[in-house]
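This report refers to the structure that appears directly beneath it.
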Amino acid sequence: MTNDNDRYRAPALDKGLDILELLAEQPQGLTRGEIVKAMGRSQSEIYRMLERLVGRDYVTRSQEGDRYALSLKLFVLGNRHPPIDRLVARAQPLIDSFTKAAEQSCHMGVYDRGNITVVAQANSPGNWGLSIRLGARVGLIDTGSGHVLLAFQTDQRRAEMLAAHHAVDGEVPLSQDELEATLQQVRALGHKNDLLLAISTSGNSKNVLAAVGAAHENGMGVIALTGRNGGGMTAALNPSDVHICVPAQNTARIQEVHLLTLHCLCDAIDCLLLGVE
């Protein structure tokens, strides 16, 4: 039986695409001989295809004429792709706003052929940060981006995405049971009428304040544990939120009271769920 992917063959096109995919993995480029050896093709057919790719600006030739590398044309075409262009235009202001509030780098990934491709990102506004490059492909099953995308699909669509998945370099293996447990945790986060427990000794932690703002946008309530004078948390909370502020200056004392409060909350939850012993 003929495979659907092989029903309509175009050998010349396949050859050109094979060259582009090969060069995409070679930051220093390759000589014609190296390309011939890697592809198992004849010198003449590789020469003709390379000349056409150079002529169309998809591939560049070194000044010495002995090495070939990808040009930026594919990158430019990818960024002009209307659906991605519209998505990034809508998302980038939100990404920039979140990055500024949280003081952390942020990226947006889209599902692409079984894994995740990063199509937008913003660096941390601080002096240092950890970020992922634009255009990077990351794993579907072992990254936060992949987990979020998988968690909110229908069962059928999620099965299709996982069927198309193939491991990327450095991917951490995850069993089906482990993956499903992770996705259940992701789906359980941050729904309307849930409660966010926000803890900040000073009340001024920007990432915690950003989380409080996001919780309010999702219709969630907030229980905040702070110290000293409550800092910026005081103004960030809604009238219906609960603010437990420890009126002390010593960080250790504040955190001791926070720990005691957490034990009390856990005990109260046990009583509500299991009854008083």
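As shown in the structure tokens, the chain order sets the letters A, B, ...; within each chain, residues go from 1, and ligands are also counted from 1 in the order they appear.
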
Can you list, as a ChimeraX atom specification, every protein, DNA or RNA residue that comes within 12 Å of A:Glu160 when you count only C-alpha atoms, leaving out same-chain residues fewer than 4 positions away?
-> /A:111,113-115,150,153-156,164-165

Could you write those residues out with N, CA and C atoms, as a compact mmCIF listing (two decimals), in the first residue's frame?
```
# COMPACT_ATOMS: atom_id res chain seq x y z
N TYR A 111 1.99 25.20 19.20
CA TYR A 111 2.16 23.80 18.80
C TYR A 111 2.56 23.75 17.34
N ARG A 113 3.98 20.65 14.71
CA ARG A 113 4.49 19.34 14.26
C ARG A 113 4.99 18.48 15.41
N GLY A 114 4.19 18.38 16.46
CA GLY A 114 4.51 17.46 17.55
C GLY A 114 5.29 18.05 18.70
N ASN A 115 5.73 19.30 18.58
CA ASN A 115 6.46 19.94 19.67
C ASN A 115 6.05 21.41 19.74
N LEU A 150 -1.32 21.22 26.18
CA LEU A 150 -1.97 19.92 26.22
C LEU A 150 -3.15 19.88 27.18
N GLN A 153 -6.80 20.96 25.81
CA GLN A 153 -7.31 20.43 24.55
C GLN A 153 -8.40 19.40 24.82
N THR A 154 -9.20 19.11 23.80
CA THR A 154 -10.13 18.00 23.91
C THR A 154 -9.32 16.70 23.94
N ASP A 155 -9.93 15.63 24.39
CA ASP A 155 -9.22 14.35 24.46
C ASP A 155 -8.72 13.93 23.08
N GLN A 156 -9.55 14.14 22.05
CA GLN A 156 -9.16 13.74 20.70
C GLN A 156 -7.98 14.56 20.20
N ALA A 164 1.78 12.82 17.23
CA ALA A 164 2.74 13.46 16.31
C ALA A 164 4.04 13.84 17.01
N HIS A 165 4.07 13.67 18.33
CA HIS A 165 5.25 14.09 19.10
C HIS A 165 6.45 13.18 18.85
```

Please identify all polymer residues within 10 Å of A:Leu183, counting only C-alpha atoms, omitting same-chain residues fewer than 2 positions from it, and present them as a PyMOL selection string.
-> chain A and resi 141+144+146-152+177-181+185-188

From the list A:Val119, A:Asp169, A:Ala248, A:His191, which residue is nearest A:Asp85 when using only C-alpha atoms?
-> A:Val119

Running DSSP on the backbone, which parts of stretch 130-249 of chain A land in alpha helix (DSSP H), as a PyMOL selection string?
-> chain A and resi 144-151+155-163+176-187+206-217+233-236

Counting only C-alpha atoms, the residue of A:Leu70, A:Ala120, A:Ala159, A:Val54 that sits nearest A:Leu20 =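 Looking at the shortest contact to A:Leu20, the residue is A:Leu70.
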
For A:Val208, work out the shell of residues within 10 Å, counting only C-alpha atoms and skipping chain neighbours fewer than 3 positions away, then give it as a list in words.
-> Ala101, Ala102, Leu197, Ala198, Ile199, Ser200, Gly203, Asn204, Ser205, Ala211, Val212, Gly213, Ala214, Ala224 and Met233 of chain A

Only C-alpha atoms, please: the residues just picked out, written as a PDB file, in the first residue's frame.
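Result file part-v1.pdb:
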```
ATOM      1  CA  ALA A 101       5.591  43.221  36.511  1.00  0.00           C
ATOM      2  CA  ALA A 102       7.189  39.869  37.342  1.00  0.00           C
ATOM      3  CA  LEU A 197      -2.436  32.148  48.773  1.00  0.00           C
ATOM      4  CA  ALA A 198       0.151  34.925  48.346  1.00  0.00           C
ATOM      5  CA  ILE A 199       3.134  35.114  50.701  1.00  0.00           C
ATOM      6  CA  SER A 200       5.583  38.018  50.787  1.00  0.00           C
ATOM      7  CA  GLY A 203       4.529  42.789  50.733  1.00  0.00           C
ATOM      8  CA  ASN A 204       6.512  44.253  47.849  1.00  0.00           C
ATOM      9  CA  SER A 205       7.617  41.134  45.912  1.00  0.00           C
ATOM     10  CA  ALA A 211       0.253  36.878  40.595  1.00  0.00           C
ATOM     11  CA  VAL A 212      -2.329  38.734  42.699  1.00  0.00           C
ATOM     12  CA  GLY A 213      -3.237  40.901  39.718  1.00  0.00           C
ATOM     13  CA  ALA A 214      -3.594  37.835  37.492  1.00  0.00           C
ATOM     14  CA  ALA A 224      -2.191  37.396  51.547  1.00  0.00           C
ATOM     15  CA  MET A 233       0.128  44.276  48.872  1.00  0.00           C
TER      16      MET A 233
END
```

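Between atom CA of A:Asn250 and atom CA of A:Asn238 lies a distance of 26.8 Å.
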